[in-house]
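Asker: For reference, this is my_file34.txt, and it has compact mmCIF, C-alpha atoms.
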# COMPACT_ATOMS: atom_id res chain seq x y z
CA MET A 265 1.27 58.33 -11.95
CA ILE A 266 1.96 61.67 -13.63
CA GLY A 267 3.57 62.95 -10.45
CA PHE A 268 5.63 59.78 -10.09
CA TRP A 269 6.90 59.84 -13.67
CA THR A 270 7.66 63.56 -13.44
CA LEU A 271 9.74 63.08 -10.30
CA PHE A 272 11.50 60.06 -11.80
CA TYR A 273 12.25 62.00 -14.98
CA LYS A 274 13.56 64.91 -12.94
CA GLU A 275 15.92 62.62 -11.00
CA VAL A 276 17.19 60.92 -14.16
CA LEU A 277 17.67 64.24 -15.91
CA ARG A 278 19.54 65.53 -12.88
CA PHE A 279 22.39 63.04 -13.25
CA TRP A 280 22.21 62.68 -17.02
CA LYS A 281 22.79 66.40 -17.61
CA VAL A 282 26.22 65.97 -16.00
CA ALA A 283 26.87 62.44 -17.26
CA PHE A 284 30.56 63.18 -17.75
CA GLN A 285 30.82 63.54 -13.98
CA THR A 286 28.18 61.08 -12.79
CA VAL A 287 28.69 58.23 -15.29
CA ALA A 288 31.97 58.62 -17.17
CA ALA A 289 34.13 59.54 -14.16
CA PRO A 290 33.21 56.42 -12.11
CA VAL A 291 33.92 54.24 -15.17
CA LEU A 292 37.37 55.81 -15.42
CA THR A 293 37.98 55.20 -11.71
CA ALA A 294 37.10 51.53 -12.10
CA MET A 295 39.42 51.25 -15.08
CA LEU A 296 42.31 52.66 -13.06
CA TYR A 297 41.69 50.06 -10.34
CA LEU A 298 41.59 47.34 -12.99
CA MET A 299 44.74 48.45 -14.79
CA ILE A 300 46.78 48.80 -11.60
CA PHE A 301 45.67 45.69 -9.71
CA GLY A 302 45.29 43.56 -12.83
CA HIS A 303 48.76 44.46 -14.09
CA VAL A 304 50.43 43.77 -10.76
CA LEU A 305 48.60 40.57 -9.72
CA GLU A 306 47.40 38.85 -12.89
CA ASP A 307 50.43 36.54 -13.13
CA HIS A 308 50.62 35.88 -9.39
CA VAL A 309 47.05 35.33 -8.14
CA ARG A 310 44.25 32.98 -9.14
CA VAL A 311 40.96 32.72 -7.26
CA HIS A 312 38.77 29.61 -7.64
CA GLY A 313 40.92 28.80 -10.69
CA ILE A 314 39.99 32.14 -12.29
CA GLY A 315 42.55 34.67 -13.52
CA TYR A 316 42.80 37.67 -11.22
CA THR A 317 41.72 40.26 -13.80
CA SER A 318 38.61 38.25 -14.66
CA PHE A 319 37.86 37.77 -10.95
CA LEU A 320 38.30 41.48 -10.27
CA ILE A 321 35.94 42.83 -12.95
CA PRO A 322 32.57 41.76 -11.44
CA GLY A 323 33.65 43.14 -8.06
CA LEU A 324 34.54 46.50 -9.57
CA VAL A 325 31.28 46.59 -11.51
CA MET A 326 29.18 45.94 -8.42
CA MET A 327 31.22 48.38 -6.33
CA GLN A 328 30.47 51.15 -8.83
CA VAL A 329 26.78 50.18 -8.99
CA LEU A 330 26.47 50.46 -5.21
CA GLN A 331 28.48 53.63 -4.71
CA ASN A 332 26.75 55.51 -7.53
CA ALA A 333 23.26 54.41 -6.56
CA PHE A 334 23.93 55.67 -3.04
CA ALA A 335 25.48 58.91 -4.29
CA ASN A 336 22.54 59.69 -6.57
CA SER A 337 19.71 59.57 -4.05
CA SER A 338 21.70 60.97 -1.10
CA SER A 339 23.15 63.95 -2.98
CA SER A 340 19.79 64.75 -4.57
CA LEU A 341 18.00 64.92 -1.22
CA ILE A 342 20.66 66.88 0.64
CA GLN A 343 20.96 69.35 -2.24
CA ALA A 344 17.18 69.82 -2.32
CA LYS A 345 17.12 70.38 1.46
CA ILE A 346 19.96 72.90 1.44
CA THR A 347 18.59 74.92 -1.50
CA GLY A 348 15.00 74.71 -0.23
CA SER A 349 13.73 73.13 -3.44
CA ILE A 350 12.53 70.08 -1.49
CA VAL A 351 9.33 72.03 -0.84
CA PHE A 352 8.38 71.71 -4.53
CA VAL A 353 8.54 67.92 -4.17
CA LEU A 354 6.63 67.81 -0.89
CA LEU A 355 3.81 70.22 -1.78
CA PRO A 356 2.17 68.21 -4.60
CA PRO A 357 -0.23 65.45 -3.46
CA LEU A 358 2.32 62.75 -4.26
CA PRO A 359 2.15 59.56 -2.13
CA TYR A 360 5.31 58.97 -0.13
CA SER A 361 5.54 55.52 -1.74
CA SER A 362 5.78 57.16 -5.19
CA PHE A 363 8.42 59.54 -3.79
CA PHE A 364 10.40 56.52 -2.60
CA ILE A 365 10.09 54.49 -5.81
CA ALA A 366 11.02 57.42 -8.07
CA TYR A 367 14.22 58.17 -6.13
CA VAL A 368 15.22 54.52 -5.81
CA LEU A 369 14.58 53.75 -9.49
CA ALA A 370 16.63 56.75 -10.61
CA ALA A 371 19.47 55.80 -8.25
CA MET A 372 19.38 52.20 -9.44
CA LEU A 373 19.39 53.34 -13.07
CA ARG A 374 22.48 55.48 -12.56
CA GLY A 375 24.28 52.65 -10.75
CA ILE A 376 23.47 50.12 -13.47
CA MET A 377 24.47 52.55 -16.24
CA VAL A 378 27.87 52.99 -14.61
CA GLY A 379 28.16 49.21 -14.15
CA VAL A 380 27.34 48.57 -17.81
CA GLY A 381 29.90 51.22 -18.78
CA VAL A 382 32.58 49.42 -16.77
CA LEU A 383 31.66 46.08 -18.36
CA LEU A 384 31.80 47.53 -21.88
CA VAL A 385 35.26 48.95 -21.32
CA THR A 386 36.60 45.71 -19.82
CA VAL A 387 36.18 43.82 -23.10
CA TRP A 388 39.56 45.30 -24.00
CA PHE A 389 41.18 43.59 -21.02
CA VAL A 390 39.69 40.10 -20.88
CA ASP A 391 37.13 37.87 -22.59
CA LEU A 392 34.58 37.71 -19.78
CA GLN A 393 31.94 34.99 -19.91
CA VAL A 394 28.53 35.20 -18.22
CA VAL A 395 27.40 31.80 -16.94
CA ALA A 396 24.10 32.86 -15.35
CA PRO A 397 22.91 36.27 -16.65
CA GLY A 398 19.74 36.06 -14.55
CA TRP A 399 21.75 36.11 -11.33
CA VAL A 400 23.84 39.02 -12.64
CA LEU A 401 20.75 41.12 -13.42
CA LEU A 402 18.95 40.14 -10.21
CA PHE A 403 21.81 41.10 -7.91
CA ALA A 404 22.56 44.30 -9.84
CA VAL A 405 18.95 45.50 -9.65
CA LEU A 406 18.32 44.48 -6.05
CA SER A 407 21.65 45.78 -4.73
CA GLY A 408 21.33 49.06 -6.62
CA ALA A 409 17.83 49.54 -5.22
CA LEU A 410 19.08 48.75 -1.70
CA PHE A 411 21.82 51.37 -1.86
CA GLY A 412 19.43 53.83 -3.47
CA ALA A 413 17.15 53.44 -0.44
CA LEU A 414 20.15 53.69 1.90
CA GLY A 415 21.13 56.90 0.12
CA MET A 416 17.66 58.29 0.81
CA ILE A 417 18.09 57.56 4.52
CA ALA A 418 21.44 59.35 4.49
CA GLY A 419 20.00 62.30 2.54
CA ILE A 420 17.11 62.63 4.97
CA TRP A 421 19.31 62.34 8.05
CA VAL A 422 22.24 64.63 7.19
CA GLU A 423 21.96 68.40 7.11
CA LYS A 424 25.27 69.37 5.48
CA PHE A 425 27.46 68.01 2.72
CA ASP A 426 30.33 67.30 5.11
CA GLN A 427 28.02 65.01 7.13
CA LEU A 428 27.15 63.17 3.93
CA ALA A 429 30.86 62.85 3.13
CA ALA A 430 31.41 61.34 6.58
CA PHE A 431 28.59 58.87 5.94
CA GLN A 432 30.24 57.82 2.69
CA ASN A 433 33.81 57.70 4.01
CA PHE A 434 33.12 55.88 7.29
CA LEU A 435 30.29 53.55 6.26
CA ILE A 436 29.82 53.10 2.51
CA MET A 437 33.49 53.02 1.53
CA PRO A 438 34.59 50.50 4.20
CA LEU A 439 31.59 48.25 3.50
CA THR A 440 32.36 48.12 -0.23
CA MET A 441 36.16 47.95 -0.05
CA LEU A 442 36.11 45.18 2.61
CA SER A 443 33.51 43.03 0.89
CA GLY A 444 35.64 40.84 -1.37
CA VAL A 445 35.91 43.16 -4.35
CA PHE A 446 39.66 42.60 -4.60
CA TYR A 447 39.95 39.16 -2.94
CA SER A 448 38.14 36.01 -1.87
CA ILE A 449 37.31 36.10 1.82
CA TYR A 450 38.72 32.58 2.18
CA THR A 451 42.19 33.99 1.68
CA LEU A 452 41.73 35.87 4.97
CA PRO A 453 42.47 34.66 8.51
CA THR A 454 39.57 32.88 10.21
CA PHE A 455 38.54 35.89 12.31
CA TRP A 456 38.26 38.19 9.28
CA GLN A 457 36.40 35.52 7.31
CA ARG A 458 33.75 35.35 10.02
CA LEU A 459 33.58 39.12 10.28
CA SER A 460 33.08 39.42 6.50
CA HIS A 461 29.89 37.36 6.79
CA TYR A 462 28.34 40.23 8.76
CA ASN A 463 28.95 42.62 5.87
CA PRO A 464 25.85 42.62 3.61
CA VAL A 465 27.88 43.99 0.69
CA PHE A 466 29.91 40.77 0.68
CA TYR A 467 26.77 38.87 -0.34
CA MET A 468 26.02 41.37 -3.11
CA ILE A 469 29.52 41.02 -4.56
CA ASP A 470 29.63 37.25 -4.15
CA GLY A 471 26.20 36.64 -5.67
CA PHE A 472 26.91 38.98 -8.56
CA ARG A 473 30.24 37.26 -9.23
CA TYR A 474 28.50 33.88 -9.22
CA GLY A 475 26.51 34.97 -12.26
CA PHE A 476 29.75 35.33 -14.23
CA PHE A 477 31.72 32.26 -13.15
CA GLY A 478 29.27 29.85 -11.52
CA VAL A 479 31.43 29.73 -8.39
CA SER A 480 31.10 31.69 -5.16
CA ASP A 481 32.22 31.74 -1.55
CA VAL A 482 28.66 31.11 -0.30
CA SER A 483 25.48 29.84 -1.92
CA PRO A 484 23.91 32.44 -4.25
CA VAL A 485 20.49 31.58 -2.81
CA HIS A 486 21.78 32.45 0.66
CA SER A 487 23.28 35.68 -0.69
CA LEU A 488 20.00 36.58 -2.37
CA ALA A 489 18.09 35.99 0.86
CA VAL A 490 20.43 38.30 2.78
CA VAL A 491 20.28 41.06 0.15
CA ALA A 492 16.49 40.82 -0.18
CA SER A 493 16.07 40.98 3.61
CA CYS A 494 18.33 44.03 3.86
CA PHE A 495 16.42 45.73 1.05
CA ALA A 496 13.09 45.04 2.74
CA LEU A 497 14.27 46.44 6.07
CA THR A 498 15.90 49.49 4.48
CA SER A 499 12.79 50.18 2.39
CA LEU A 500 10.49 49.97 5.41
CA LEU A 501 12.71 52.37 7.35
CA THR A 502 12.87 54.82 4.44
CA LEU A 503 9.11 54.72 3.93
CA ALA A 504 8.56 55.32 7.65
CA LEU A 505 10.84 58.37 7.58
CA LEU A 506 9.10 59.75 4.50
CA LYS A 507 5.68 59.22 6.03
CA ARG A 508 6.70 61.11 9.15
CA GLY A 509 8.44 63.83 7.13
CA TRP A 510 11.39 63.63 9.51
CA LYS A 511 13.88 66.43 8.72
CA LEU A 512 12.00 67.14 5.49
CA ARG A 513 9.04 69.21 6.70
CA THR A 514 10.89 71.21 9.36
Re-express the file's structure as structure tokens.
Answerer:
Amino acid sequence: MIGFWTLFYKEVLRFWKVAFQTVAAPVLTAMLYLMIFGHVLEDHVRVHGIGYTSFLIPGLVMMQVLQNAFANSSSSLIQAKITGSIVFVLLPPLPYSSFFIAYVLAAMLRGIMVGVGVLLVTVWFVDLQVVAPGWVLLFAVLSGALFGALGMIAGIWVEKFDQLAAFQNFLIMPLTMLSGVFYSIYTLPTFWQRLSHYNPVFYMIDGFRYGFFGVSDVSPVHSLAVVASCFALTSLLTLALLKRGWKLRT
């Protein structure tokens, strides 16, 4: 447990030391999205009877949770591999499961901190009610952990920062931007509605939004089942890679 807590503390300290970049900057980015889209569409668009700015906020919060959880674990691993400091993590007799949990918890913590920061700032824009806080917390924690594990897979797989940037630009960004953050999927043509149901991030956004308004495009139980299944599969893959030491012990 000492090794686990030390690694977890190291990962938290890593992003907290530069919190202006890792926490404050994403909050500012979300606020810019909110100000621009909210200003332009608030008087023209309502979704499920909800004002557009109110509808947009949960999507932006979850988008920042996911992107920052992924960024934390992936950047930490690739940086450790490039600088050679990964050896100081691998040498101690630390179980690979503790390695996994420490990285995922730190990534999830950063994502949730950014999400809470976005929520705190949005009180200046709209009086946002939370209908089911349990669903909000459950989807935030589970989705942040999922993207933290996905970030570990990316960090293990890539060998250069430009490869990591490609992973983010061609996988993470499209998945989050095309998941219903800025719209309800039922405003899309039938083909794109069906395609959206194959995007796991859609279920994270939709379930998280349900916790605020009590309405969603699909059942929150169904969304939770999809997210939990994706997390289980991603975790098993990450643990298998850590156990083998693939691209870590070479």
Asker: Out of A:Leu439, A:Leu512, A:Ala371, A:Ile321, which residue has the shortest atom-to-atom distance to Val394 of chain A when counting only C-alpha atoms?
Answerer: A:Ile321
Asker: Given only C-alpha atoms as the basis, pick out the residue of A:Leu452, A:Val422, A:Val465, A:Ile300 nearest to Ile346 of chain A.
Answerer: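 Of A:Leu452, A:Val422, A:Val465, A:Ile300, the one nearest Ile346 of chain A, counting only C-alpha atoms, is A:Val422.
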Asker: Please identify all polymer residues within 12 Å of segment 314-319 of chain A, counting only C-alpha atoms, omitting same-chain residues fewer than 5 positions from it, and present them as a count of residues only.
Answerer: 42
Asker: Work out how far atom CA of Ala409 of chain A is from atom CA of Val490 of chain A, in Å to one decimal.
Answerer: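 These atoms are spaced 14.0 Å apart.
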Asker: So, counting only C-alpha atoms, which residue among A:Pro359, A:Pro464, A:Gly379, A:Gly419 is closest to Val400 of chain A?
Answerer: A:Gly379
Asker: Mind filling out segment 364-387 of chain A with N, CA and C atoms and sending it as a JSON list (two decimals), keeping the file's coordinate frame?
Answerer:
[["chain", "number", "residue", "atom", "x", "y", "z"],
["A", 364, "PHE", "N", 9.37, 57.53, -2.86],
["A", 364, "PHE", "CA", 10.40, 56.52, -2.60],
["A", 364, "PHE", "C", 10.79, 55.78, -3.88],
["A", 365, "ILE", "N", 9.81, 55.29, -4.61],
["A", 365, "ILE", "CA", 10.09, 54.49, -5.81],
["A", 365, "ILE", "C", 10.80, 55.31, -6.87],
["A", 366, "ALA", "N", 10.39, 56.57, -7.06],
["A", 366, "ALA", "CA", 11.02, 57.42, -8.07],
["A", 366, "ALA", "C", 12.50, 57.64, -7.76],
["A", 367, "TYR", "N", 12.82, 57.95, -6.52],
["A", 367, "TYR", "CA", 14.22, 58.17, -6.13],
["A", 367, "TYR", "C", 15.04, 56.90, -6.24],
["A", 368, "VAL", "N", 14.48, 55.78, -5.79],
["A", 368, "VAL", "CA", 15.22, 54.52, -5.81],
["A", 368, "VAL", "C", 15.44, 54.04, -7.24],
["A", 369, "LEU", "N", 14.42, 54.16, -8.09],
["A", 369, "LEU", "CA", 14.58, 53.75, -9.49],
["A", 369, "LEU", "C", 15.64, 54.58, -10.20],
["A", 370, "ALA", "N", 15.63, 55.89, -9.98],
["A", 370, "ALA", "CA", 16.63, 56.75, -10.61],
["A", 370, "ALA", "C", 18.03, 56.41, -10.12],
["A", 371, "ALA", "N", 18.17, 56.17, -8.81],
["A", 371, "ALA", "CA", 19.47, 55.80, -8.25],
["A", 371, "ALA", "C", 19.95, 54.47, -8.82],
["A", 372, "MET", "N", 19.04, 53.51, -8.89],
["A", 372, "MET", "CA", 19.38, 52.20, -9.44],
["A", 372, "MET", "C", 19.79, 52.31, -10.90],
["A", 373, "LEU", "N", 19.08, 53.15, -11.66],
["A", 373, "LEU", "CA", 19.39, 53.34, -13.07],
["A", 373, "LEU", "C", 20.79, 53.90, -13.25],
["A", 374, "ARG", "N", 21.13, 54.91, -12.45],
["A", 374, "ARG", "CA", 22.48, 55.48, -12.56],
["A", 374, "ARG", "C", 23.53, 54.43, -12.21],
["A", 375, "GLY", "N", 23.32, 53.68, -11.14],
["A", 375, "GLY", "CA", 24.28, 52.65, -10.75],
["A", 375, "GLY", "C", 24.47, 51.62, -11.84],
["A", 376, "ILE", "N", 23.38, 51.15, -12.44],
["A", 376, "ILE", "CA", 23.47, 50.12, -13.47],
["A", 376, "ILE", "C", 24.12, 50.69, -14.74],
["A", 377, "MET", "N", 23.83, 51.94, -15.07],
["A", 377, "MET", "CA", 24.47, 52.55, -16.24],
["A", 377, "MET", "C", 25.99, 52.61, -16.07],
["A", 378, "VAL", "N", 26.43, 52.97, -14.88],
["A", 378, "VAL", "CA", 27.87, 52.99, -14.61],
["A", 378, "VAL", "C", 28.43, 51.57, -14.69],
["A", 379, "GLY", "N", 27.70, 50.60, -14.10],
["A", 379, "GLY", "CA", 28.16, 49.21, -14.15],
["A", 379, "GLY", "C", 28.27, 48.68, -15.57],
["A", 380, "VAL", "N", 27.29, 48.99, -16.41],
["A", 380, "VAL", "CA", 27.34, 48.57, -17.81],
["A", 380, "VAL", "C", 28.51, 49.24, -18.51],
["A", 381, "GLY", "N", 28.76, 50.52, -18.19],
["A", 381, "GLY", "CA", 29.90, 51.22, -18.78],
["A", 381, "GLY", "C", 31.22, 50.55, -18.43],
["A", 382, "VAL", "N", 31.36, 50.12, -17.18],
["A", 382, "VAL", "CA", 32.58, 49.42, -16.77],
["A", 382, "VAL", "C", 32.71, 48.10, -17.52],
["A", 383, "LEU", "N", 31.61, 47.36, -17.65],
["A", 383, "LEU", "CA", 31.66, 46.08, -18.36],
["A", 383, "LEU", "C", 32.04, 46.26, -19.83],
["A", 384, "LEU", "N", 31.50, 47.30, -20.47],
["A", 384, "LEU", "CA", 31.80, 47.53, -21.88],
["A", 384, "LEU", "C", 33.28, 47.86, -22.10],
["A", 385, "VAL", "N", 33.85, 48.59, -21.17],
["A", 385, "VAL", "CA", 35.26, 48.95, -21.32],
["A", 385, "VAL", "C", 36.17, 47.75, -21.06],
["A", 386, "THR", "N", 35.74, 46.83, -20.19],
["A", 386, "THR", "CA", 36.60, 45.71, -19.82],
["A", 386, "THR", "C", 36.77, 44.69, -20.93],
["A", 387, "VAL", "N", 35.99, 44.77, -22.00],
["A", 387, "VAL", "CA", 36.18, 43.82, -23.10],
["A", 387, "VAL", "C", 37.56, 43.97, -23.72]]
